[in-house]
file input.csv (CSV, C-alpha atoms and all ligand atoms)
chain,number,residue,atom,x,y,z
W,1,MET,CA,0.0,0.0,0.0
W,2,HIS,CA,3.0,2.3,0.0
W,3,GLU,CA,2.5,2.6,-3.7
W,4,LEU,CA,0.0,5.5,-2.9
W,5,PRO,CA,2.6,7.9,-1.5
W,6,VAL,CA,5.1,6.7,-4.1
W,7,THR,CA,2.6,7.6,-6.8
W,8,GLN,CA,2.0,11.0,-5.2
W,9,GLY,CA,5.7,11.5,-5.4
W,10,ILE,CA,5.9,10.6,-9.0
W,11,LEU,CA,3.1,13.0,-9.8
W,12,GLN,CA,4.6,15.8,-7.8
W,13,VAL,CA,8.0,15.5,-9.4
W,14,ALA,CA,6.5,15.3,-12.9
W,15,VAL,CA,4.0,18.2,-12.6
W,16,GLU,CA,6.6,20.5,-11.0
W,17,THR,CA,9.0,19.8,-13.9
W,18,ALA,CA,6.3,20.4,-16.5
W,19,ARG,CA,5.4,23.7,-14.9
W,20,GLN,CA,9.0,24.9,-15.0
W,21,HIS,CA,8.9,24.2,-18.8
W,22,ASN,CA,5.5,25.9,-19.2
W,23,ALA,CA,4.1,22.6,-20.6
W,24,ASP,CA,0.3,22.3,-21.2
W,25,HIS,CA,0.3,18.6,-20.8
W,26,ILE,CA,2.5,15.6,-19.7
W,27,THR,CA,2.1,12.7,-22.1
W,28,ASP,CA,4.6,10.2,-20.7
W,29,ILE,CA,6.5,9.7,-17.5
W,30,HIS,CA,9.7,7.5,-17.6
W,31,LEU,CA,10.6,5.9,-14.3
W,32,VAL,CA,13.6,3.9,-13.2
W,33,ILE,CA,12.9,1.6,-10.3
W,34,GLY,CA,15.3,-1.1,-9.0
W,35,VAL,CA,14.1,-4.6,-8.5
W,36,LEU,CA,15.0,-4.4,-4.8
W,37,ALA,CA,12.8,-1.4,-4.2
W,38,GLY,CA,9.7,-3.5,-3.5
W,39,LEU,CA,7.2,-1.7,-5.8
W,40,VAL,CA,4.4,-3.2,-7.8
W,41,ASP,CA,4.0,-1.5,-11.3
W,42,ASP,CA,0.3,-2.2,-11.7
W,43,SER,CA,-0.5,-0.7,-8.3
W,44,ILE,CA,1.3,2.5,-9.2
W,45,GLN,CA,-0.5,2.8,-12.5
W,46,PHE,CA,-3.8,2.2,-10.7
W,47,TYR,CA,-3.2,5.0,-8.2
W,48,PHE,CA,-1.8,7.2,-10.9
W,49,ASP,CA,-4.9,7.1,-13.1
W,50,ILE,CA,-7.0,8.4,-10.1
W,51,LEU,CA,-4.5,10.9,-8.7
W,52,SER,CA,-3.6,12.5,-12.0
W,53,GLN,CA,-7.1,13.5,-12.9
W,54,ASP,CA,-7.4,17.3,-13.2
W,55,THR,CA,-3.6,17.7,-13.3
W,56,LEU,CA,-1.1,18.4,-16.1
W,57,ALA,CA,-0.4,14.7,-16.1
W,58,ALA,CA,-4.0,13.5,-16.7
W,59,GLY,CA,-4.0,10.5,-19.0
W,60,ALA,CA,-0.2,10.3,-19.1
W,61,THR,CA,1.4,6.9,-19.6
W,62,LEU,CA,3.9,5.5,-17.1
W,63,HIS,CA,6.9,3.7,-18.4
W,64,PHE,CA,8.8,1.5,-15.9
W,65,ARG,CA,12.5,0.7,-16.5
W,66,ARG,CA,13.6,-1.9,-14.0
W,67,GLU,CA,17.1,-1.5,-12.8
W,68,PRO,CA,18.5,-5.0,-12.3
W,69,ALA,CA,20.3,-6.3,-9.3
W,70,ILE,CA,23.5,-8.3,-10.1
W,71,ALA,CA,25.0,-11.0,-7.9
W,72,VAL,CA,28.7,-11.3,-8.5
W,73,CYS,CA,30.4,-14.6,-7.4
W,74,GLY,CA,33.5,-14.1,-5.2
W,75,GLN,CA,34.8,-17.5,-6.3
W,76,CYS,CA,34.5,-17.6,-10.2
W,77,GLY,CA,33.3,-14.1,-11.0
W,78,ARG,CA,30.1,-15.2,-12.7
W,79,GLN,CA,27.5,-12.4,-12.8
W,80,THR,CA,23.8,-13.3,-12.3
W,81,GLU,CA,20.7,-11.1,-12.5
W,82,VAL,CA,18.7,-11.6,-9.3
W,83,THR,CA,15.3,-10.6,-7.8
W,84,PRO,CA,14.1,-11.4,-4.3
W,85,PRO,CA,14.3,-14.0,-2.9
W,86,LEU,CA,18.1,-13.8,-3.7
W,87,LEU,CA,19.9,-16.9,-4.8
W,88,THR,CA,21.9,-18.6,-2.0
W,89,ALA,CA,24.8,-19.9,-4.2
W,90,CYS,CA,26.5,-19.2,-7.5
W,91,PRO,CA,24.7,-21.1,-10.3
W,92,ALA,CA,28.1,-21.7,-12.0
W,93,CYS,CA,30.3,-22.9,-9.2
W,94,ALA,CA,27.9,-23.3,-6.2
W,95,SER,CA,30.0,-20.9,-4.0
W,96,PRO,CA,27.9,-19.0,-1.4
W,97,ARG,CA,30.3,-16.0,-1.6
W,98,LEU,CA,28.1,-13.6,-3.5
W,99,THR,CA,27.9,-9.8,-3.6
W,100,VAL,CA,24.7,-8.1,-4.8
W,101,THR,CA,24.9,-4.6,-6.4
W,102,GLY,CA,22.3,-2.4,-8.0
W,103,GLY,CA,18.6,-2.7,-7.9
W,104,ARG,CA,17.8,0.1,-5.5
W,105,ALA,CA,17.2,2.9,-8.0
W,106,PHE,CA,14.1,5.0,-7.4
W,107,TYR,CA,13.7,8.0,-9.6
W,108,VAL,CA,11.8,9.9,-12.3
W,109,ASP,CA,14.1,9.8,-15.3
W,110,SER,CA,12.3,12.1,-17.7
W,111,ILE,CA,8.9,13.3,-18.9
W,112,ASP,CA,7.5,13.9,-22.4
W,113,ILE,CA,5.5,17.1,-22.6
W,114,ASP,CA,3.2,18.9,-25.1
N,1,MET,CA,6.5,16.3,-27.9
N,2,PRO,CA,9.9,17.2,-26.2
N,3,ASN,CA,11.5,14.9,-23.7
N,4,ILE,CA,12.6,16.7,-20.5
N,5,PRO,CA,15.3,15.0,-18.4
N,6,VAL,CA,14.4,15.0,-14.7
N,7,VAL,CA,16.4,12.4,-12.8
N,8,GLN,CA,14.9,13.2,-9.5
N,9,HIS,CA,14.2,10.8,-6.6
N,10,ILE,CA,10.5,9.9,-6.5
N,11,LEU,CA,10.2,10.7,-2.8
N,12,SER,CA,12.2,14.0,-3.0
N,13,ALA,CA,9.4,15.9,-1.2
N,14,ASN,CA,9.8,13.5,1.7
N,15,ASP,CA,13.6,13.7,1.5
N,16,GLN,CA,13.5,17.5,1.7
N,17,ILE,CA,11.6,17.3,5.0
N,18,ALA,CA,13.9,14.5,6.2
N,19,ALA,CA,16.8,16.9,5.6
N,20,GLU,CA,15.0,19.6,7.7
N,21,ASN,CA,14.4,17.1,10.5
N,22,ARG,CA,18.1,16.1,10.3
N,23,ALA,CA,19.2,19.8,10.5
N,24,LEU,CA,17.0,20.2,13.6
N,25,PHE,CA,18.5,17.0,15.2
N,26,ASP,CA,21.9,18.2,14.3
N,27,ALA,CA,21.4,21.6,15.9
N,28,SER,CA,20.0,19.9,19.0
N,29,GLY,CA,22.9,17.4,19.3
N,30,ILE,CA,20.6,14.4,19.1
N,31,LEU,CA,21.6,11.0,17.7
N,32,VAL,CA,18.6,9.5,15.9
N,33,LEU,CA,17.9,5.9,15.3
N,34,ASN,CA,15.3,4.5,12.9
N,35,LEU,CA,14.4,1.0,14.1
N,36,MET,CA,12.9,-1.2,11.4
N,37,ALA,CA,11.7,-4.8,11.6
N,38,SER,CA,8.9,-7.1,10.8
N,39,PRO,CA,6.1,-7.3,13.4
N,40,GLY,CA,7.0,-9.3,16.5
N,41,ALA,CA,10.8,-9.1,16.0
N,42,GLY,CA,11.0,-7.2,19.3
N,43,LYS,CA,11.5,-3.5,18.4
N,44,THR,CA,9.9,-2.3,21.7
N,45,SER,CA,11.9,-4.8,23.7
N,46,VAL,CA,15.1,-3.6,22.0
N,47,ILE,CA,14.2,0.0,22.9
N,48,LEU,CA,13.6,-0.9,26.5
N,49,ALA,CA,16.7,-3.1,26.9
N,50,THR,CA,18.8,-0.4,25.2
N,51,ALA,CA,17.4,2.4,27.3
N,52,ALA,CA,18.0,0.4,30.5
N,53,ARG,CA,21.7,0.0,29.8
N,54,LEU,CA,22.6,3.4,28.4
N,55,PRO,CA,25.4,5.4,30.1
N,56,ALA,CA,24.0,8.0,32.4
N,57,ALA,CA,25.0,10.8,30.0
N,58,MET,CA,22.7,9.5,27.3
N,59,ARG,CA,19.2,10.7,27.6
N,60,PRO,CA,16.8,8.9,25.4
N,61,GLY,CA,13.4,9.7,24.0
N,62,VAL,CA,11.2,7.6,21.8
N,63,ILE,CA,8.8,8.1,18.9
N,64,GLU,CA,6.5,5.1,18.6
N,65,GLY,CA,5.0,4.4,15.2
N,66,ASP,CA,2.1,2.1,15.3
N,67,LEU,CA,-0.9,1.3,13.1
N,68,ALA,CA,-3.5,2.2,15.8
N,69,SER,CA,-2.7,1.3,19.4
N,70,ARG,CA,-0.6,3.1,22.0
N,71,ILE,CA,0.2,0.0,24.0
N,72,ASP,CA,3.9,0.1,23.3
N,73,ALA,CA,4.1,3.9,24.1
N,74,ASP,CA,2.4,3.3,27.4
N,75,ILE,CA,5.0,0.6,28.3
N,76,ILE,CA,7.8,2.9,27.4
N,77,ALA,CA,6.3,5.8,29.3
N,78,ALA,CA,5.9,3.6,32.4
N,79,ARG,CA,9.7,3.3,32.4
N,80,GLY,CA,10.0,7.1,32.7
N,81,ILE,CA,11.2,7.6,29.1
N,82,PRO,CA,9.8,10.5,27.2
N,83,VAL,CA,7.7,9.1,24.4
N,84,THR,CA,5.3,10.3,21.8
N,85,GLN,CA,3.0,8.3,19.6
N,86,ILE,CA,2.3,8.4,15.9
N,87,ASN,CA,-0.7,6.4,14.8
N,88,THR,CA,-0.4,5.9,11.0
N,89,GLY,CA,-4.1,4.8,10.8
N,90,GLY,CA,-3.2,1.8,8.7
N,91,GLY,CA,-0.2,3.3,6.9
N,92,CYS,CA,2.6,0.8,6.6
N,93,HIS,CA,5.6,3.1,7.3
N,94,LEU,CA,6.6,6.4,8.9
N,95,ASP,CA,7.6,9.3,6.8
N,96,ALA,CA,9.5,12.5,7.4
N,97,PRO,CA,6.4,14.8,7.8
N,98,MET,CA,5.0,12.4,10.5
N,99,ILE,CA,8.3,12.8,12.4
N,100,ARG,CA,8.2,16.5,12.1
N,101,SER,CA,4.7,16.6,13.5
N,102,ALA,CA,5.6,14.3,16.4
N,103,LEU,CA,8.6,16.4,17.6
N,104,PRO,CA,6.6,18.9,19.6
N,105,GLY,CA,5.5,16.0,21.8
N,106,LEU,CA,9.0,15.4,23.0
N,107,PRO,CA,11.3,17.5,25.3
N,108,LEU,CA,14.0,17.8,22.7
N,109,ALA,CA,16.2,20.1,24.8
N,110,ASP,CA,16.5,17.3,27.4
N,111,LEU,CA,17.4,14.5,24.9
N,112,ASN,CA,20.6,13.5,23.1
N,113,LEU,CA,19.3,10.2,21.7
N,114,LEU,CA,16.0,9.6,19.9
N,115,LEU,CA,14.8,6.1,19.1
N,116,ILE,CA,12.1,6.0,16.4
N,117,GLU,CA,10.2,2.7,16.3
N,118,ASN,CA,9.0,2.4,12.7
N,119,VAL,CA,5.9,0.4,11.7
N,120,GLY,CA,6.5,-3.4,11.6
N,121,ASN,CA,7.3,-4.0,7.9
N,122,LEU,CA,10.4,-5.0,6.0
N,123,VAL,CA,9.6,-3.4,2.7
N,124,CYS,CA,8.6,0.2,2.5
N,125,PRO,CA,10.1,1.8,5.6
N,126,ALA,CA,13.5,1.6,3.9
N,127,ASN,CA,12.2,3.9,1.1
N,128,PHE,CA,11.1,6.7,3.4
N,129,ALA,CA,13.9,8.8,4.9
N,130,LEU,CA,13.1,10.3,8.3
N,131,GLY,CA,16.2,12.3,9.0
N,132,ALA,CA,17.8,9.6,11.2
N,133,ASP,CA,21.5,9.0,11.6
N,134,LEU,CA,21.4,5.2,11.7
N,135,ASN,CA,19.0,2.7,10.2
N,136,VAL,CA,18.8,-0.1,12.8
N,137,VAL,CA,17.3,-3.3,11.3
N,138,VAL,CA,16.1,-5.7,14.0
N,139,ALA,CA,15.7,-9.4,12.9
N,140,SER,CA,14.9,-12.2,15.3
N,141,ALA,CA,15.7,-15.9,15.4
N,142,PRO,CA,12.1,-17.2,15.3
N,143,GLU,CA,11.5,-15.3,12.0
N,144,GLY,CA,14.0,-17.5,10.2
N,145,HIS,CA,17.4,-17.1,8.7
N,146,ASP,CA,16.1,-16.3,5.1
N,147,LYS,CA,15.0,-12.7,5.8
N,148,PRO,CA,18.0,-11.0,4.1
N,149,TYR,CA,17.4,-13.0,1.0
N,150,LYS,CA,13.7,-12.2,1.0
N,151,TYR,CA,14.0,-8.5,1.9
N,152,PRO,CA,17.4,-7.5,0.5
N,153,GLY,CA,16.3,-3.8,0.1
N,154,MET,CA,15.8,-3.4,3.8
N,155,PHE,CA,19.1,-5.2,4.8
N,156,ALA,CA,21.0,-3.2,2.2
N,157,ALA,CA,19.7,0.0,3.9
N,158,ALA,CA,20.9,-1.1,7.4
N,159,ASP,CA,23.7,0.8,9.2
N,160,VAL,CA,23.6,-1.8,12.0
N,161,VAL,CA,21.7,-5.1,12.3
N,162,LEU,CA,20.5,-6.6,15.6
N,163,LEU,CA,19.6,-10.3,15.7
N,164,ASN,CA,17.1,-10.4,18.6
N,165,LYS,CA,15.9,-13.5,20.5
N,166,ALA,CA,19.4,-15.0,19.9
N,167,ASP,CA,18.8,-17.3,22.8
N,168,LEU,CA,16.4,-19.2,20.5
N,169,ILE,CA,18.9,-19.8,17.7
N,170,ASP,CA,19.1,-23.5,18.5
N,171,VAL,CA,15.4,-24.0,19.2
N,172,PHE,CA,14.4,-22.6,15.8
N,173,GLU,CA,17.4,-24.2,14.0
N,174,PHE,CA,18.4,-20.7,12.9
N,175,ASP,CA,21.3,-21.0,10.5
N,176,LEU,CA,23.5,-18.0,11.6
N,177,PRO,CA,26.2,-18.4,8.9
N,178,PHE,CA,23.5,-18.6,6.2
N,179,PHE,CA,21.8,-15.4,7.7
N,180,GLU,CA,25.1,-13.6,7.8
N,181,ARG,CA,26.0,-14.5,4.2
N,182,GLY,CA,22.7,-13.2,3.1
N,183,LEU,CA,23.3,-9.9,5.0
N,184,ARG,CA,26.8,-9.6,3.6
N,185,MET,CA,25.6,-10.2,0.0
N,186,VAL,CA,23.8,-6.8,0.1
N,187,ASN,CA,25.6,-5.0,2.9
N,188,ASP,CA,29.3,-5.3,3.8
N,189,ARG,CA,29.5,-2.5,6.3
N,190,ALA,CA,26.7,-2.9,8.9
N,191,PRO,CA,27.9,-4.5,12.1
N,192,LEU,CA,25.8,-7.4,13.3
N,193,PHE,CA,25.0,-7.8,17.0
N,194,LEU,CA,23.3,-10.9,18.5
N,195,LEU,CA,21.3,-10.2,21.6
N,196,SER,CA,18.5,-11.4,23.8
N,197,CYS,CA,16.3,-8.8,25.3
N,198,LYS,CA,14.8,-11.4,27.6
N,199,SER,CA,18.1,-12.6,29.1
N,200,GLY,CA,20.0,-9.4,28.5
N,201,ALA,CA,22.8,-11.3,26.7
N,202,GLY,CA,24.5,-9.3,24.1
N,203,VAL,CA,22.7,-6.0,24.9
N,204,ASP,CA,25.9,-4.5,26.4
N,205,ALA,CA,28.0,-5.0,23.3
N,206,TRP,CA,25.3,-3.3,21.2
N,207,VAL,CA,25.0,-0.4,23.6
N,208,ASP,CA,28.8,0.0,23.9
N,209,TRP,CA,28.9,0.3,20.1
N,210,LEU,CA,26.0,2.8,20.1
N,211,ALA,CA,27.5,4.9,22.9
N,212,GLY,CA,31.0,4.6,21.4
N,213,PRO,CA,33.1,7.6,20.5
N,214,GLU,CA,32.1,7.5,16.8
N,215,ARG,CA,28.4,7.9,17.6
N,216,LEU,CA,28.1,9.9,20.7
N,217,ALA,CA,31.0,12.0,22.0
N,218,GLY,CA,28.9,15.0,23.1
N,219,PRO,CA,26.7,17.3,21.0
N,220,GLU,CA,29.6,19.2,19.6
N,221,ARG,CA,31.3,16.1,18.2
N,222,LEU,CA,27.9,15.0,16.9
N,223,ALA,CA,27.4,18.2,15.1
N,224,GLU,CA,30.9,18.1,13.7
N,225,ARG,CA,30.3,14.6,12.4
N,226,TRP,CA,27.1,15.6,10.8
N,227,ARG,CA,28.7,18.5,9.0
N,228,GLN,CA,31.3,16.1,7.5
N,229,ARG,CA,28.6,14.0,5.9
W,301,ZN,ZN,30.7,-18.9,-8.9
call {"tool": "encode", "arguments": {"input": "input.csv", "output": "structure tokens"}}
result
Amino acid sequence: MHELPVTQGILQVAVETARQHNADHITDIHLVIGVLAGLVDDSIQFYFDILSQDTLAAGATLHFRREPAIAVCGQCGRQTEVTPPLLTACPACASPRLTVTGGRAFYVDSIDID
Amino acid sequence: MPNIPVVQHILSANDQIAAENRALFDASGILVLNLMASPGAGKTSVILATAARLPAAMRPGVIEGDLASRIDADIIAARGIPVTQINTGGGCHLDAPMIRSALPGLPLADLNLLLIENVGNLVCPANFALGADLNVVVASAPEGHDKPYKYPGMFAAADVVLLNKADLIDVFEFDLPFFERGLRMVNDRAPLFLLSCKSGAGVDAWVDWLAGPERLAGPERLAERWRQR
């Protein structure tokens, strides 16, 4: 249910930017959200359609780019894309020495305006 | 149909207020902890056990985040610790405006440590900055050793991890090396402390770390450390 305040945040950032550019309308909002951020795309779109009514962003389309998380094996160096629940051993060499990077991005990348 | 680059954090409005909270804590010389955990991990017990063992120079206050009740706040108040309650009315996390609104309920001038008990949830509290210095993630042995694998975002955000109910590690066949590997996959810097609020075992080591020179060497040092960030 935290998708509601997150959606409010998206709308706020987008509308503020559009105003600064004297836009009449926002047609598209491009988001980058990491796979470890714990957000459900459909839920954001649902809230967005309601919240954006009567704003510059009414009817805008949301685009989600998922930033992957990568597990790097400390034994053989193999890189594996992961989502929660994380893997517990390297798929190549079975080593449990893994380091996960990325996947925590959480920002509005750009907007398309009229 | 021009494309306008933005690259702005989605919760930047919250982040802005979190920064203002932080500036206020900074000016007041208060070290602030954001305690996050799943329901039942023992956040309130950790707060009570921590407060009971603090050096005399540390004067704690508590903000209790809860869905609806003030049971935990009453327990804390009964120990003579200043406490104020935030009821989120079903909201699954605290945010920076809620903290700002709660601050007038605390005698800030009398405090140098603030423990914020977030809503029990291992997903979204990590996304909402409050203005705290340290994210304290509390796990517990009965919850199982797979928590870092299932909630990597939360464990990645931790500045320190407390494994509570450690006296039950054998009872629940909690695989500590497995848990620690999961933690280290996403976080190589947060110290891990094992403790039992029930027996008191391990609490001193955590409090010694918390009260150590890096974290609390008087308000001036604190302010200095904050400026360096
Ligand atoms: Zn490997």
call {"tool": "residues_near_ligand", "arguments": {"input": "input.csv", "ligand": "ligand ZN 301 (chain W)", "cutoff": "7 Å", "atoms": "all atoms listed in the file", "output": "PyMOL selection string"}}
result
chain W and resi 73-78+90-95
call {"tool": "closest_atom_pairs", "arguments": {"input": "input.csv", "of": "chain W", "to": "chain N", "cutoff": "10 Å", "atoms": "only C-alpha atoms", "output": "CSV"}}
result
residue,atom,partner,partner_atom,distance
W:Met1,CA,N:Cys92,CA,7.1
W:His2,CA,N:Cys124,CA,6.5
W:Glu3,CA,N:Cys124,CA,9.0
W:Pro5,CA,N:Leu11,CA,8.2
W:Val6,CA,N:Leu11,CA,6.6
W:Thr7,CA,N:Ile10,CA,8.2
W:Gln8,CA,N:Leu11,CA,8.5
W:Gly9,CA,N:Ile10,CA,5.2
W:Ile10,CA,N:Ile10,CA,5.3
W:Leu11,CA,N:Ile10,CA,8.7
W:Gln12,CA,N:Ala13,CA,8.2
W:Val13,CA,N:Ile10,CA,6.8
W:Ala14,CA,N:Val6,CA,8.1
W:Thr17,CA,N:Val6,CA,7.3
W:Ala18,CA,N:Ile4,CA,8.3
W:His21,CA,N:Ile4,CA,8.5
W:Ala23,CA,N:Pro2,CA,9.7
W:His25,CA,N:Met1,CA,9.7
W:Ile26,CA,N:Met1,CA,9.2
W:Thr27,CA,N:Met1,CA,8.1
W:Asp28,CA,N:Asn3,CA,8.9
W:Ile29,CA,N:Asn3,CA,9.5
W:His30,CA,N:Val6,CA,9.3
W:Leu31,CA,N:Ile10,CA,8.8
W:Val32,CA,N:Val7,CA,9.0
W:Ile33,CA,N:Ile10,CA,9.4
W:Gly34,CA,N:Gly153,CA,9.5
W:Val35,CA,N:Gly153,CA,8.9
W:Leu36,CA,N:Gly153,CA,5.1
W:Ala37,CA,N:Gly153,CA,6.0
W:Gly38,CA,N:Val123,CA,6.2
W:Leu39,CA,N:Cys124,CA,8.6
W:Ala71,CA,N:Met185,CA,8.0
W:Val72,CA,N:Met185,CA,9.1
W:Cys73,CA,N:Met185,CA,9.9
W:Thr83,CA,N:Lys150,CA,9.1
W:Pro84,CA,N:Lys150,CA,5.4
W:Pro85,CA,N:Lys150,CA,4.3
W:Leu86,CA,N:Tyr149,CA,4.8
W:Leu87,CA,N:Tyr149,CA,7.4
W:Thr88,CA,N:Gly182,CA,7.5
W:Pro96,CA,N:Arg181,CA,7.4
W:Arg97,CA,N:Arg181,CA,7.4
W:Leu98,CA,N:Met185,CA,5.5
W:Thr99,CA,N:Met185,CA,4.3
W:Val100,CA,N:Val186,CA,5.1
W:Thr101,CA,N:Val186,CA,6.9
W:Gly102,CA,N:Val186,CA,9.3
W:Gly103,CA,N:Gly153,CA,8.4
W:Arg104,CA,N:Gly153,CA,7.0
W:Ala105,CA,N:His9,CA,8.6
W:Phe106,CA,N:His9,CA,5.9
W:Tyr107,CA,N:His9,CA,4.1
W:Val108,CA,N:Val7,CA,5.3
W:Asp109,CA,N:Val7,CA,4.3
W:Ser110,CA,N:Pro5,CA,4.2
W:Ile111,CA,N:Ile4,CA,5.3
W:Asp112,CA,N:Asn3,CA,4.3
W:Ile113,CA,N:Met1,CA,5.5
W:Asp114,CA,N:Met1,CA,5.0
call {"tool": "atom_distance", "arguments": {"input": "input.csv", "atom1": "CA of Asp167 (chain N)", "atom2": "CA of Gly200 (chain N)"}}
result
9.8 Å
call {"tool": "atom_distance", "arguments": {"input": "input.csv", "atom1": "CA of Pro191 (chain N)", "atom2": "CA of Leu111 (chain N)"}}
result
25.2 Å
call {"tool": "atom_distance", "arguments": {"input": "input.csv", "atom1": "CA of Glu64 (chain N)", "atom2": "CA of Phe174 (chain N)"}}
result
29.0 Å
call {"tool": "closest_residue", "arguments": {"input": "input.csv", "among": "W:Arg19, W:Glu81, W:Leu4, W:Ala89", "to": "Val40 (chain W)", "atoms": "only C-alpha atoms"}}
result
W:Leu4
call {"tool": "residues_around", "arguments": {"input": "input.csv", "residues": "Ala211 (chain N)", "least_positions_apart": "6", "cutoff": "10 Å", "atoms": "all atoms listed in the file", "output": "list of chain:residue names"}}
result
N:Leu31, N:Leu54, N:Pro55, N:Ala57, N:Met58, N:Leu113, N:Ala205, N:Ala217
call {"tool": "residues_around", "arguments": {"input": "input.csv", "residues": "Leu130 (chain N)", "least_positions_apart": "3", "cutoff": "7 Å", "atoms": "only C-alpha atoms", "output": "PyMOL selection string"}}
result
chain N and resi 18+95-96+99
call {"tool": "write_last_selection", "arguments": {"input": "input.csv", "atoms": "C-alpha atoms", "output": "short mmCIF file (atom, residue, chain, number, x, y, z; two decimals), keeping the file's coordinate frame"}}
result
data_model
loop_
_atom_site.label_atom_id
_atom_site.label_comp_id
_atom_site.auth_asym_id
_atom_site.auth_seq_id
_atom_site.Cartn_x
_atom_site.Cartn_y
_atom_site.Cartn_z
CA ALA N 18 13.90 14.50 6.20
CA ASP N 95 7.60 9.30 6.80
CA ALA N 96 9.50 12.50 7.40
CA ILE N 99 8.30 12.80 12.40
#
call {"tool": "closest_residue", "arguments": {"input": "input.csv", "among": "N:Ala109, N:Asp204, N:Phe193, N:Ala41", "to": "Gly144 (chain N)", "atoms": "all atoms listed in the file"}}
result
N:Ala41
call {"tool": "decode", "arguments": {"input": "input.csv", "residues": "region 53-84 of chain W", "atoms": "C-alpha atoms", "output": "mmCIF file, in the first residue's frame"}}
result
data_model
loop_
_atom_site.group_PDB
_atom_site.id
_atom_site.type_symbol
_atom_site.label_atom_id
_atom_site.label_comp_id
_atom_site.auth_asym_id
_atom_site.auth_seq_id
_atom_site.Cartn_x
_atom_site.Cartn_y
_atom_site.Cartn_z
ATOM 1 C CA GLN W 53 -7.131 13.528 -12.919
ATOM 2 C CA ASP W 54 -7.381 17.318 -13.188
ATOM 3 C CA THR W 55 -3.591 17.698 -13.320
ATOM 4 C CA LEU W 56 -1.121 18.392 -16.143
ATOM 5 C CA ALA W 57 -0.424 14.668 -16.130
ATOM 6 C CA ALA W 58 -3.998 13.467 -16.673
ATOM 7 C CA GLY W 59 -3.969 10.471 -18.988
ATOM 8 C CA ALA W 60 -0.169 10.255 -19.078
ATOM 9 C CA THR W 61 1.414 6.863 -19.635
ATOM 10 C CA LEU W 62 3.871 5.521 -17.079
ATOM 11 C CA HIS W 63 6.925 3.656 -18.368
ATOM 12 C CA PHE W 64 8.818 1.470 -15.927
ATOM 13 C CA ARG W 65 12.458 0.671 -16.520
ATOM 14 C CA ARG W 66 13.579 -1.928 -14.040
ATOM 15 C CA GLU W 67 17.131 -1.486 -12.811
ATOM 16 C CA PRO W 68 18.452 -5.024 -12.300
ATOM 17 C CA ALA W 69 20.332 -6.291 -9.276
ATOM 18 C CA ILE W 70 23.450 -8.306 -10.078
ATOM 19 C CA ALA W 71 24.970 -11.015 -7.894
ATOM 20 C CA VAL W 72 28.710 -11.329 -8.464
ATOM 21 C CA CYS W 73 30.396 -14.562 -7.388
ATOM 22 C CA GLY W 74 33.487 -14.077 -5.240
ATOM 23 C CA GLN W 75 34.798 -17.475 -6.346
ATOM 24 C CA CYS W 76 34.451 -17.606 -10.156
ATOM 25 C CA GLY W 77 33.304 -14.070 -11.001
ATOM 26 C CA ARG W 78 30.058 -15.159 -12.665
ATOM 27 C CA GLN W 79 27.454 -12.358 -12.753
ATOM 28 C CA THR W 80 23.812 -13.331 -12.315
ATOM 29 C CA GLU W 81 20.733 -11.123 -12.457
ATOM 30 C CA VAL W 82 18.693 -11.586 -9.300
ATOM 31 C CA THR W 83 15.336 -10.614 -7.828
ATOM 32 C CA PRO W 84 14.073 -11.358 -4.312
#
